[in-house]
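Asks: Below is the file protein.cif, which contains mmCIF, C-alpha atoms (C1' of nucleotides).
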data_input
#
loop_
_atom_site.group_PDB
_atom_site.id
_atom_site.type_symbol
_atom_site.label_atom_id
_atom_site.label_comp_id
_atom_site.auth_asym_id
_atom_site.auth_seq_id
_atom_site.Cartn_x
_atom_site.Cartn_y
_atom_site.Cartn_z
ATOM 1 C CA MET A 80 -81.562 132.358 131.934
ATOM 2 C CA VAL A 81 -77.924 132.988 132.564
ATOM 3 C CA LEU A 82 -77.779 134.539 129.136
ATOM 4 C CA ALA A 83 -80.697 136.794 129.944
ATOM 5 C CA MET A 84 -78.644 138.162 132.802
ATOM 6 C CA ALA A 85 -75.649 138.493 130.502
ATOM 7 C CA ILE A 86 -77.692 140.478 128.010
ATOM 8 C CA VAL A 87 -78.965 142.813 130.667
ATOM 9 C CA GLN A 88 -75.450 143.181 132.041
ATOM 10 C CA GLU A 89 -74.275 144.156 128.585
ATOM 11 C CA ILE A 90 -77.084 146.652 128.236
ATOM 12 C CA LYS A 91 -76.129 148.267 131.516
ATOM 13 C CA ARG A 92 -72.540 148.596 130.383
ATOM 14 C CA ALA A 93 -73.481 150.170 127.070
ATOM 15 C CA VAL A 94 -75.772 152.562 128.886
ATOM 16 C CA ARG A 95 -73.091 153.635 131.341
ATOM 17 C CA GLU A 96 -70.602 154.177 128.552
ATOM 18 C CA LEU A 97 -73.006 156.634 126.967
ATOM 19 C CA GLY A 98 -73.133 158.512 130.264
ATOM 20 C CA PHE A 99 -76.622 157.528 131.331
ATOM 21 C CA SER A 100 -77.878 156.138 134.552
ATOM 22 C CA GLU A 101 -79.647 152.856 134.160
ATOM 23 C CA SER A 102 -83.047 154.256 135.077
ATOM 24 C CA VAL A 103 -82.797 157.339 132.903
ATOM 25 C CA ALA A 104 -82.049 155.021 130.003
ATOM 26 C CA HIS A 105 -85.046 152.928 130.902
ATOM 27 C CA LEU A 106 -87.231 156.001 130.730
ATOM 28 C CA LEU A 107 -85.670 156.986 127.416
ATOM 29 C CA TRP A 108 -86.481 153.525 126.158
ATOM 30 C CA GLU A 109 -90.157 154.009 126.956
ATOM 31 C CA LEU A 110 -90.397 157.337 125.155
ATOM 32 C CA ASP A 111 -91.195 156.097 121.684
ATOM 33 C CA PRO A 112 -91.237 159.213 119.476
ATOM 34 C CA ALA A 113 -93.672 157.503 117.090
ATOM 35 C CA ALA A 114 -96.274 156.924 119.780
ATOM 36 C CA GLU A 115 -98.664 159.350 121.401
ATOM 37 C CA PRO A 116 -97.279 161.434 124.280
ATOM 38 C CA VAL A 117 -97.768 159.589 127.561
ATOM 39 C CA PRO A 118 -98.770 161.083 130.925
ATOM 40 C CA LEU A 119 -96.123 160.794 133.605
ATOM 41 C CA ARG A 120 -98.377 158.625 135.701
ATOM 42 C CA GLN A 121 -98.540 155.987 132.998
ATOM 43 C CA LEU A 122 -94.788 156.104 132.612
ATOM 44 C CA ALA A 123 -94.511 155.365 136.305
ATOM 45 C CA GLU A 124 -96.650 152.270 135.874
ATOM 46 C CA ARG A 125 -94.590 151.056 132.962
ATOM 47 C CA LEU A 126 -91.378 151.523 134.881
ATOM 48 C CA HIS A 127 -92.911 149.883 137.950
ATOM 49 C CA CYS A 128 -91.925 152.776 140.135
ATOM 50 C CA ASP A 129 -93.284 155.779 142.004
ATOM 51 C CA PRO A 130 -94.550 158.856 140.103
ATOM 52 C CA SER A 131 -92.215 161.057 142.103
ATOM 53 C CA ASN A 132 -89.363 159.055 140.742
ATOM 54 C CA VAL A 133 -90.474 159.735 137.194
ATOM 55 C CA THR A 134 -90.456 163.417 138.071
ATOM 56 C CA LEU A 135 -86.806 163.230 139.048
ATOM 57 C CA LEU A 136 -85.828 161.224 135.984
ATOM 58 C CA SER A 137 -87.713 163.645 133.756
ATOM 59 C CA ASP A 138 -85.809 166.497 135.362
ATOM 60 C CA GLN A 139 -82.576 164.850 134.334
ATOM 61 C CA LEU A 140 -83.693 164.405 130.751
ATOM 62 C CA GLU A 141 -84.856 168.001 130.614
ATOM 63 C CA ARG A 142 -81.613 169.288 132.050
ATOM 64 C CA ARG A 143 -79.762 167.498 129.270
ATOM 65 C CA GLY A 144 -82.098 168.931 126.697
ATOM 66 C CA LEU A 145 -83.332 165.518 125.596
ATOM 67 C CA ALA A 146 -86.974 165.942 126.529
ATOM 68 C CA GLU A 147 -89.557 168.543 127.438
ATOM 69 C CA ARG A 148 -92.597 168.521 129.656
ATOM 70 C CA LYS A 149 -95.709 169.461 127.724
ATOM 71 C CA PRO A 150 -99.077 170.085 129.340
ATOM 72 C CA HIS A 151 -101.830 167.780 128.215
ATOM 73 C CA PRO A 152 -104.112 169.658 125.801
ATOM 74 C CA ALA A 153 -107.358 168.424 127.347
ATOM 75 C CA ASP A 154 -106.446 168.019 131.025
ATOM 76 C CA GLY A 155 -104.506 170.750 132.728
ATOM 77 C CA ARG A 156 -103.255 168.536 135.518
ATOM 78 C CA VAL A 157 -101.542 166.081 133.249
ATOM 79 C CA ARG A 158 -97.981 166.513 132.047
ATOM 80 C CA THR A 159 -96.530 164.540 129.195
ATOM 81 C CA LEU A 160 -92.895 164.056 128.391
ATOM 82 C CA VAL A 161 -91.804 164.489 124.789
ATOM 83 C CA LEU A 162 -88.389 163.898 123.294
ATOM 84 C CA THR A 163 -86.643 166.816 121.652
ATOM 85 C CA ARG A 164 -84.967 166.414 118.290
ATOM 86 C CA GLU A 165 -81.715 165.670 120.094
ATOM 87 C CA GLY A 166 -83.477 163.255 122.412
ATOM 88 C CA VAL A 167 -84.745 161.251 119.473
ATOM 89 C CA ALA A 168 -81.236 161.003 118.052
ATOM 90 C CA VAL A 169 -79.727 159.935 121.359
ATOM 91 C CA ARG A 170 -82.424 157.339 121.862
ATOM 92 C CA ARG A 171 -81.779 155.858 118.431
ATOM 93 C CA ALA A 172 -78.035 155.761 119.085
ATOM 94 C CA LEU A 173 -78.650 153.987 122.351
ATOM 95 C CA LEU A 174 -80.844 151.334 120.773
ATOM 96 C CA GLU A 175 -78.334 150.661 118.002
ATOM 97 C CA ARG A 176 -75.525 150.382 120.458
ATOM 98 C CA VAL A 177 -77.377 147.923 122.616
ATOM 99 C CA GLN A 178 -78.392 145.858 119.643
ATOM 100 C CA GLU A 179 -74.933 145.478 118.187
ATOM 101 C CA ARG A 180 -73.514 144.616 121.598
ATOM 102 C CA SER A 181 -76.100 141.976 122.252
ATOM 103 C CA PRO A 182 -74.789 138.422 122.468
ATOM 104 C CA LEU A 183 -77.541 137.524 120.027
ATOM 105 C CA ALA A 184 -75.715 139.484 117.350
ATOM 106 C CA ALA A 185 -73.393 136.489 117.133
ATOM 107 C CA LEU A 186 -76.144 134.377 115.572
ATOM 108 C CA ASP A 187 -76.587 134.261 111.809
ATOM 109 C CA ASP A 188 -79.848 135.211 110.117
ATOM 110 C CA ALA A 189 -81.402 131.753 110.145
ATOM 111 C CA GLN A 190 -80.561 131.269 113.796
ATOM 112 C CA GLN A 191 -81.941 134.655 114.692
ATOM 113 C CA SER A 192 -85.248 133.992 112.996
ATOM 114 C CA GLU A 193 -85.460 130.618 114.706
ATOM 115 C CA MET A 194 -84.759 132.323 118.001
ATOM 116 C CA ARG A 195 -87.421 134.906 117.380
ATOM 117 C CA LYS A 196 -89.963 132.172 116.793
ATOM 118 C CA LEU A 197 -89.146 130.506 120.096
ATOM 119 C CA LEU A 198 -89.197 133.792 121.942
ATOM 120 C CA ALA A 199 -92.601 134.600 120.514
ATOM 121 C CA VAL A 200 -93.938 131.337 121.907
ATOM 122 C CA ALA A 201 -92.376 132.056 125.264
ATOM 123 C CA MET A 202 -93.798 135.565 125.354
ATOM 124 C CA ALA A 203 -97.259 134.272 124.543
ATOM 125 C CA GLY A 204 -97.090 131.739 127.352
ATOM 126 C CA HIS A 205 -95.722 134.343 129.685
ATOM 127 C CA ARG A 206 -98.504 136.848 129.131
ATOM 128 C CA ARG A 207 -101.133 134.206 129.704
ATOM 129 C CA GLY A 208 -99.500 132.985 132.927
ATOM 130 C CA MET B 210 -83.959 141.437 123.980
ATOM 131 C CA VAL B 211 -87.261 142.625 125.332
ATOM 132 C CA LEU B 212 -87.743 139.123 126.637
ATOM 133 C CA ALA B 213 -84.390 139.217 128.358
ATOM 134 C CA MET B 214 -85.621 142.234 130.274
ATOM 135 C CA ALA B 215 -88.897 140.451 131.006
ATOM 136 C CA ILE B 216 -87.030 137.471 132.401
ATOM 137 C CA VAL B 217 -84.899 139.622 134.634
ATOM 138 C CA GLN B 218 -87.970 141.539 135.736
ATOM 139 C CA GLU B 219 -89.603 138.266 136.686
ATOM 140 C CA ILE B 220 -86.519 137.203 138.588
ATOM 141 C CA LYS B 221 -86.552 140.427 140.562
ATOM 142 C CA ARG B 222 -90.183 139.922 141.486
ATOM 143 C CA ALA B 223 -89.635 136.357 142.655
ATOM 144 C CA VAL B 224 -86.654 137.504 144.684
ATOM 145 C CA ARG B 225 -88.597 140.287 146.385
ATOM 146 C CA GLU B 226 -91.435 137.953 147.209
ATOM 147 C CA LEU B 227 -89.021 135.732 149.069
ATOM 148 C CA GLY B 228 -87.902 138.739 151.075
ATOM 149 C CA PHE B 229 -84.496 139.264 149.550
ATOM 150 C CA SER B 230 -82.873 142.327 148.171
ATOM 151 C CA GLU B 231 -81.797 141.943 144.599
ATOM 152 C CA SER B 232 -78.110 142.080 145.384
ATOM 153 C CA VAL B 233 -78.250 139.682 148.306
ATOM 154 C CA ALA B 234 -79.958 137.216 145.990
ATOM 155 C CA HIS B 235 -77.245 137.754 143.421
ATOM 156 C CA LEU B 236 -74.646 136.878 146.015
ATOM 157 C CA LEU B 237 -76.652 133.843 147.061
ATOM 158 C CA TRP B 238 -76.713 132.795 143.441
ATOM 159 C CA GLU B 239 -72.934 132.854 143.261
ATOM 160 C CA LEU B 240 -72.509 130.703 146.354
ATOM 161 C CA ASP B 241 -72.648 127.267 144.771
ATOM 162 C CA PRO B 242 -72.523 124.795 147.669
ATOM 163 C CA ALA B 243 -70.954 122.173 145.395
ATOM 164 C CA ALA B 244 -68.002 124.380 144.489
ATOM 165 C CA GLU B 245 -64.947 125.268 146.513
ATOM 166 C CA PRO B 246 -65.340 128.148 148.983
ATOM 167 C CA VAL B 247 -64.544 131.427 147.303
ATOM 168 C CA PRO B 248 -62.605 134.380 148.788
ATOM 169 C CA LEU B 249 -64.679 137.523 149.201
ATOM 170 C CA ARG B 250 -62.466 139.378 146.759
ATOM 171 C CA GLN B 251 -63.325 136.968 143.978
ATOM 172 C CA LEU B 252 -66.992 137.298 144.793
ATOM 173 C CA ALA B 253 -66.635 141.036 144.369
ATOM 174 C CA GLU B 254 -65.189 140.517 140.904
ATOM 175 C CA ARG B 255 -67.987 138.176 139.917
ATOM 176 C CA LEU B 256 -70.597 140.626 141.118
ATOM 177 C CA HIS B 257 -68.774 143.506 139.425
ATOM 178 C CA CYS B 258 -68.771 145.523 142.595
ATOM 179 C CA ASP B 259 -66.553 146.776 145.393
ATOM 180 C CA PRO B 260 -65.203 144.360 148.036
ATOM 181 C CA SER B 261 -66.662 146.525 150.773
ATOM 182 C CA ASN B 262 -70.045 145.952 149.281
ATOM 183 C CA VAL B 263 -69.561 142.196 149.486
ATOM 184 C CA THR B 264 -68.762 142.675 153.150
ATOM 185 C CA LEU B 265 -72.109 144.338 153.727
ATOM 186 C CA LEU B 266 -74.033 141.739 151.745
ATOM 187 C CA SER B 267 -72.254 138.956 153.604
ATOM 188 C CA ASP B 268 -73.256 140.585 156.868
ATOM 189 C CA GLN B 269 -76.868 140.376 155.805
ATOM 190 C CA LEU B 270 -76.603 136.696 154.913
ATOM 191 C CA GLU B 271 -74.889 135.967 158.208
ATOM 192 C CA ARG B 272 -77.496 137.862 160.177
ATOM 193 C CA ARG B 273 -80.164 135.678 158.617
ATOM 194 C CA GLY B 274 -78.195 132.563 159.395
ATOM 195 C CA LEU B 275 -77.819 131.627 155.731
ATOM 196 C CA ALA B 276 -74.042 131.803 155.518
ATOM 197 C CA GLU B 277 -70.903 131.928 157.627
ATOM 198 C CA ARG B 278 -67.532 133.537 157.176
ATOM 199 C CA LYS B 279 -64.780 130.943 157.383
ATOM 200 C CA PRO B 280 -61.080 131.832 157.453
ATOM 201 C CA HIS B 281 -59.076 130.462 154.571
ATOM 202 C CA PRO B 282 -57.047 127.467 155.793
ATOM 203 C CA ALA B 283 -53.815 128.491 154.070
ATOM 204 C CA ASP B 284 -53.987 132.294 154.100
ATOM 205 C CA GLY B 285 -55.042 134.043 157.285
ATOM 206 C CA ARG B 286 -56.039 137.243 155.512
ATOM 207 C CA VAL B 287 -58.598 135.616 153.301
ATOM 208 C CA ARG B 288 -62.199 135.064 154.346
ATOM 209 C CA THR B 289 -64.542 132.760 152.500
ATOM 210 C CA LEU B 290 -68.287 132.725 152.672
ATOM 211 C CA VAL B 291 -69.988 129.351 153.057
ATOM 212 C CA LEU B 292 -73.688 128.584 153.032
ATOM 213 C CA THR B 293 -75.201 127.021 156.113
ATOM 214 C CA ARG B 294 -77.570 124.072 155.830
ATOM 215 C CA GLU B 295 -80.452 126.526 155.837
ATOM 216 C CA GLY B 296 -78.692 128.716 153.290
ATOM 217 C CA VAL B 297 -78.416 125.800 150.896
ATOM 218 C CA ALA B 298 -82.124 125.084 151.232
ATOM 219 C CA VAL B 299 -83.094 128.701 150.680
ATOM 220 C CA ARG B 300 -80.843 128.957 147.658
ATOM 221 C CA ARG B 301 -82.399 125.876 146.105
ATOM 222 C CA ALA B 302 -85.893 127.211 146.763
ATOM 223 C CA LEU B 303 -84.943 130.459 145.106
ATOM 224 C CA LEU B 304 -83.593 128.763 141.992
ATOM 225 C CA GLU B 305 -86.665 126.571 141.640
ATOM 226 C CA ARG B 306 -88.950 129.522 142.036
ATOM 227 C CA VAL B 307 -87.138 131.525 139.419
ATOM 228 C CA GLN B 308 -87.081 128.617 137.011
ATOM 229 C CA GLU B 309 -90.771 127.856 137.187
ATOM 230 C CA ARG B 310 -91.617 131.519 136.801
ATOM 231 C CA SER B 311 -89.413 131.934 133.782
ATOM 232 C CA PRO B 312 -91.227 132.681 130.526
ATOM 233 C CA LEU B 313 -89.137 129.914 129.012
ATOM 234 C CA ALA B 314 -91.071 127.417 131.101
ATOM 235 C CA ALA B 315 -93.840 127.829 128.534
ATOM 236 C CA LEU B 316 -91.771 126.028 125.886
ATOM 237 C CA ASP B 317 -92.027 122.278 125.463
ATOM 238 C CA ASP B 318 -89.012 119.998 125.710
ATOM 239 C CA ALA B 319 -88.051 120.065 122.050
ATOM 240 C CA GLN B 320 -88.284 123.861 121.949
ATOM 241 C CA GLN B 321 -86.244 124.195 125.093
ATOM 242 C CA SER B 322 -83.449 122.048 123.746
ATOM 243 C CA GLU B 323 -83.473 124.006 120.488
ATOM 244 C CA MET B 324 -83.315 127.189 122.514
ATOM 245 C CA ARG B 325 -80.416 125.900 124.539
ATOM 246 C CA LYS B 326 -78.491 125.178 121.353
ATOM 247 C CA LEU B 327 -78.961 128.703 120.073
ATOM 248 C CA LEU B 328 -78.074 130.202 123.410
ATOM 249 C CA ALA B 329 -74.901 128.164 123.520
ATOM 250 C CA VAL B 330 -73.886 129.623 120.155
ATOM 251 C CA ALA B 331 -74.679 133.115 121.344
ATOM 252 C CA MET B 332 -72.722 132.632 124.552
ATOM 253 C CA ALA B 333 -69.714 131.402 122.618
ATOM 254 C CA GLY B 334 -69.795 134.407 120.328
ATOM 255 C CA HIS B 335 -70.293 136.680 123.279
ATOM 256 C CA ARG B 336 -67.261 135.470 125.204
ATOM 257 C CA ARG B 337 -65.048 135.898 122.162
ATOM 258 C CA GLY B 338 -66.289 139.445 121.520
ATOM 259 C "C1'" DC C 295 -119.930 176.861 144.767
ATOM 260 C "C1'" DG C 296 -118.040 173.653 148.171
ATOM 261 C "C1'" DT C 297 -116.287 169.055 148.276
ATOM 262 C "C1'" DT C 298 -113.901 165.354 146.638
ATOM 263 C "C1'" DA C 299 -110.695 163.183 143.462
ATOM 264 C "C1'" DT C 300 -106.651 163.105 140.407
ATOM 265 C "C1'" DG C 301 -101.805 164.223 138.720
ATOM 266 C "C1'" DC C 302 -97.491 166.143 139.520
ATOM 267 C "C1'" DT C 303 -94.041 167.965 142.604
ATOM 268 C "C1'" DT C 304 -91.430 168.570 146.983
ATOM 269 C "C1'" DG C 305 -89.180 166.980 151.263
ATOM 270 C "C1'" DA C 306 -87.724 163.474 154.571
ATOM 271 C "C1'" DG C 307 -85.713 159.188 155.006
ATOM 272 C "C1'" DC C 308 -83.882 154.594 153.564
ATOM 273 C "C1'" DT C 309 -80.955 151.337 150.995
ATOM 274 C "C1'" DA C 310 -77.354 150.121 147.995
ATOM 275 C "C1'" DC C 311 -73.332 151.495 146.382
ATOM 276 C "C1'" DT C 312 -68.451 153.580 145.807
ATOM 277 C "C1'" DC C 313 -64.201 155.606 147.420
ATOM 278 C "C1'" DA C 314 -60.635 156.429 150.772
ATOM 279 C "C1'" DA C 315 -58.478 155.031 155.043
ATOM 280 C "C1'" DG C 316 -57.187 151.582 158.514
ATOM 281 C "C1'" DG C 317 -55.685 147.073 160.675
ATOM 282 C "C1'" DA C 318 -54.239 142.331 160.347
ATOM 283 C "C1'" DG C 319 -51.773 138.731 158.027
ATOM 284 C "C1'" DG C 320 -48.009 137.277 154.514
ATOM 285 C "C1'" DA C 321 -44.180 137.730 151.395
ATOM 286 C "C1'" DT C 322 -39.639 139.594 150.441
ATOM 287 C "C1'" DG C 323 -34.864 141.405 151.044
ATOM 288 C "C1'" DT C 324 -31.090 142.045 153.845
ATOM 289 C "C1'" DA D 268 -34.832 137.850 162.694
ATOM 290 C "C1'" DC D 269 -36.598 142.175 161.352
ATOM 291 C "C1'" DA D 270 -38.141 145.989 158.347
ATOM 292 C "C1'" DT D 271 -40.734 146.841 154.429
ATOM 293 C "C1'" DC D 272 -44.148 146.280 151.223
ATOM 294 C "C1'" DC D 273 -48.210 144.042 149.547
ATOM 295 C "C1'" DT D 274 -52.826 141.880 149.846
ATOM 296 C "C1'" DC D 275 -57.364 141.127 151.884
ATOM 297 C "C1'" DC D 276 -61.049 142.516 154.556
ATOM 298 C "C1'" DT D 277 -63.392 145.919 157.159
ATOM 299 C "C1'" DT D 278 -64.970 150.609 158.610
ATOM 300 C "C1'" DG D 279 -66.612 155.362 157.815
ATOM 301 C "C1'" DA D 280 -68.007 159.101 154.888
ATOM 302 C "C1'" DG D 281 -70.382 160.525 151.125
ATOM 303 C "C1'" DT D 282 -73.548 159.855 146.881
ATOM 304 C "C1'" DA D 283 -77.357 158.215 143.888
ATOM 305 C "C1'" DG D 284 -81.788 156.155 143.345
ATOM 306 C "C1'" DC D 285 -85.739 155.033 145.345
ATOM 307 C "C1'" DT D 286 -90.264 155.195 148.321
ATOM 308 C "C1'" DC D 287 -93.592 157.291 151.309
ATOM 309 C "C1'" DA D 288 -96.191 161.185 152.994
ATOM 310 C "C1'" DA D 289 -97.570 165.849 152.379
ATOM 311 C "C1'" DG D 290 -98.671 169.876 149.397
ATOM 312 C "C1'" DC D 291 -100.476 172.348 145.451
ATOM 313 C "C1'" DA D 292 -102.968 172.857 141.234
ATOM 314 C "C1'" DT D 293 -106.601 171.345 138.241
ATOM 315 C "C1'" DA D 294 -110.750 168.778 137.274
ATOM 316 C "C1'" DA D 295 -115.187 166.461 138.288
ATOM 317 C "C1'" DC D 296 -119.391 166.114 140.970
ATOM 318 C "C1'" DG D 297 -122.998 167.141 144.330
#
Produce structure tokens that represent the structure in this file.
Replies:
Amino acid sequence: MVLAMAIVQEIKRAVRELGFSESVAHLLWELDPAAEPVPLRQLAERLHCDPSNVTLLSDQLERRGLAERKPHPADGRVRTLVLTREGVAVRRALLERVQERSPLAALDDAQQSEMRKLLAVAMAGHRRG
Amino acid sequence: MVLAMAIVQEIKRAVRELGFSESVAHLLWELDPAAEPVPLRQLAERLHCDPSNVTLLSDQLERRGLAERKPHPADGRVRTLVLTREGVAVRRALLERVQERSPLAALDDAQQSEMRKLLAVAMAGHRRG
DNA sequence: CGTTATGCTTGAGCTACTCAAGGAGGATGT
DNA sequence: ACATCCTCCTTGAGTAGCTCAAGCATAACG
């Protein structure tokens, strides 16, 4: 539990060093380039925050040229946020950085796989609860 | 890593439900009643924030009757923050709540001890890094 | 075609935070 | 003993991130 906080602390640090606010990074994290474009409203739900907040965060990403608002093809009200080529690169860099900084990187392969098994069990129990 | 974020998310929720701001709870967490009283400056370092911020958070705890500022016996400049009887109770309730809500509570005893071993390794590696 | 509902944006306001300045207590040098 | 500097806490000003309420555009339904 303490380690969970340590991990998150480390993530925050890495994020700041790359010049991102914590919440902008969180949004970036959710924008999987491989997945379908997601309406802003759904992003708000995933981030557990207000839609208006997503608007502001999206503005920041757009201003940096990392993402673009695209209208939904079928529904004119809906906006989706899509990463630009640069956005995809930055996102990947961020993920790598976080991963190598993670305290879990100190474990060897066998330990990591063992850990993954335990975490899977925990996740399963958590979702049910 | 995802689970680390889930754990922290869960902690935040539990904290909110008990009517605490995230940062006040963090301060409460640091105030171990069994340990020696800690100067506010050191608390600021532990929380990775400005001393003035600790002042404000301490105010909140005092206003709720959960803690009291006590002058340091040897150094008149220094203030320490000490939990009241009620503060100790609330802190314990908070810890219990967080622990039972933790996804890791889904693991059985053997799995938990295995997990603890791995986490210890990770922590060790982390502190060195 | 008018009414209602939905999705995003804007504006007002709040909270948490940082930075710079101030006051009180201690340490040091003469 | 006194002047100076240093440390710790507090205060005030300013900023960032967030929520809530209102507004506007588009869609769905009678």
Asks: Residues of chain B within 10 Å of chain C, counting all atoms listed in the file - could you list those as a ChimeraX atom specification?
Replies: /B:230-232,258-259,261-262,265-266,284-287
Asks: Might you spell out which residues the PyMOL selection byres ((chain B and resi 236) around 12) would select in the displayed file, as a count of residues only?
Replies: 38
Asks: With distances taken over only C-alpha atoms, which residue among A:His151, A:Ala83, A:Ala189, A:Val167 lies nearest chain B?
Replies: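 The closest residue to chain B is A:Ala83.
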Asks: Based on only C-alpha atoms, which of the residues in chain A come within 6 Å of chain B? I want them as a ChimeraX atom specification.
Replies: /A:83,182-183,185,201,204-205
Asks: Would you write out, as CSV, a table of all residues in chain D that have an atom no more than 12 Å from an atom of chain A, listing for each the closest atom pair and the distance in Å to one decimal, considering all atoms listed in the file and ordering rows by chain and rising residue number?
Replies:
residue,atom,partner,partner_atom,distance
D:DA283,C1',A:Ser100,CA,9.6
D:DG284,C1',A:Asn132,CA,8.5
D:DC285,C1',A:Asn132,CA,7.1
D:DT286,C1',A:Asp129,CA,7.0
D:DC287,C1',A:Asp129,CA,9.4
D:DA288,C1',A:Ser131,CA,11.6
D:DC291,C1',A:Arg156,CA,11.0
D:DA292,C1',A:Arg156,CA,7.2
D:DT293,C1',A:Arg156,CA,5.1
D:DA294,C1',A:Asp154,CA,7.6
D:DA295,C1',A:Asp154,CA,11.5
Asks: In Å to one decimal, how far is atom CA of Thr159 of chain A from atom CA of Pro118 of chain A?
Replies: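 Computing the Euclidean distance for atom CA of Pro118 of chain A and atom CA of Thr159 of chain A yields 4.5 Å.
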Asks: Just to confirm, what's the straight-line distance from atom CA of Arg148 of chain A to atom C1' of DA289 of chain D in Å (one decimal)?
Replies: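 Pair atom CA of Arg148 of chain A / atom C1' of DA289 of chain D returns 23.4 Å.
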Asks: What is the atom C1' of DT277 of chain D to atom CA of Ala244 of chain B distance in Å?
Replies: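 For atom C1' of DT277 of chain D relative to atom CA of Ala244 of chain B, the distance reads 25.4 Å.
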Asks: Please, could N, CA and C atoms be added to segment 136-154 of chain A and the result written as a tab-separated table (two decimals), in the coordinates of the input?
Replies:
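Once everything was written out, this is out.tsv:
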chain	number	residue	atom	x	y	z
A	136	LEU	N	-86.46	161.68	137.22
A	136	LEU	CA	-85.83	161.22	135.98
A	136	LEU	C	-86.10	162.20	134.84
A	137	SER	N	-87.35	162.68	134.80
A	137	SER	CA	-87.71	163.65	133.76
A	137	SER	C	-86.88	164.91	133.88
A	138	ASP	N	-86.66	165.33	135.12
A	138	ASP	CA	-85.81	166.50	135.36
A	138	ASP	C	-84.46	166.31	134.70
A	139	GLN	N	-83.90	165.12	134.89
A	139	GLN	CA	-82.58	164.85	134.33
A	139	GLN	C	-82.59	164.94	132.81
A	140	LEU	N	-83.61	164.34	132.21
A	140	LEU	CA	-83.69	164.40	130.75
A	140	LEU	C	-83.86	165.85	130.27
A	141	GLU	N	-84.66	166.60	131.00
A	141	GLU	CA	-84.86	168.00	130.61
A	141	GLU	C	-83.56	168.79	130.74
A	142	ARG	N	-82.85	168.55	131.82
A	142	ARG	CA	-81.61	169.29	132.05
A	142	ARG	C	-80.60	169.03	130.93
A	143	ARG	N	-80.68	167.82	130.36
A	143	ARG	CA	-79.76	167.50	129.27
A	143	ARG	C	-80.32	167.94	127.92
A	144	GLY	N	-81.51	168.47	127.95
A	144	GLY	CA	-82.10	168.93	126.70
A	144	GLY	C	-82.60	167.80	125.81
A	145	LEU	N	-82.88	166.67	126.39
A	145	LEU	CA	-83.33	165.52	125.60
A	145	LEU	C	-84.84	165.39	125.57
A	146	ALA	N	-85.52	166.05	126.48
A	146	ALA	CA	-86.97	165.94	126.53
A	146	ALA	C	-87.56	167.22	127.11
A	147	GLU	N	-88.85	167.38	126.89
A	147	GLU	CA	-89.56	168.54	127.44
A	147	GLU	C	-90.89	168.10	128.03
A	148	ARG	N	-91.26	168.74	129.13
A	148	ARG	CA	-92.60	168.52	129.66
A	148	ARG	C	-93.58	169.37	128.85
A	149	LYS	N	-94.65	168.72	128.41
A	149	LYS	CA	-95.71	169.46	127.72
A	149	LYS	C	-97.01	169.22	128.48
A	150	PRO	N	-97.78	170.28	128.68
A	150	PRO	CA	-99.08	170.08	129.34
A	150	PRO	C	-100.01	169.32	128.41
A	151	HIS	N	-100.85	168.51	129.00
A	151	HIS	CA	-101.83	167.78	128.22
A	151	HIS	C	-102.86	168.76	127.68
A	152	PRO	N	-103.20	168.66	126.40
A	152	PRO	CA	-104.11	169.66	125.80
A	152	PRO	C	-105.50	169.66	126.44
A	153	ALA	N	-105.99	168.50	126.84
A	153	ALA	CA	-107.36	168.42	127.35
A	153	ALA	C	-107.42	168.54	128.87
A	154	ASP	N	-106.41	168.05	129.56
A	154	ASP	CA	-106.45	168.02	131.02
A	154	ASP	C	-105.26	168.78	131.59
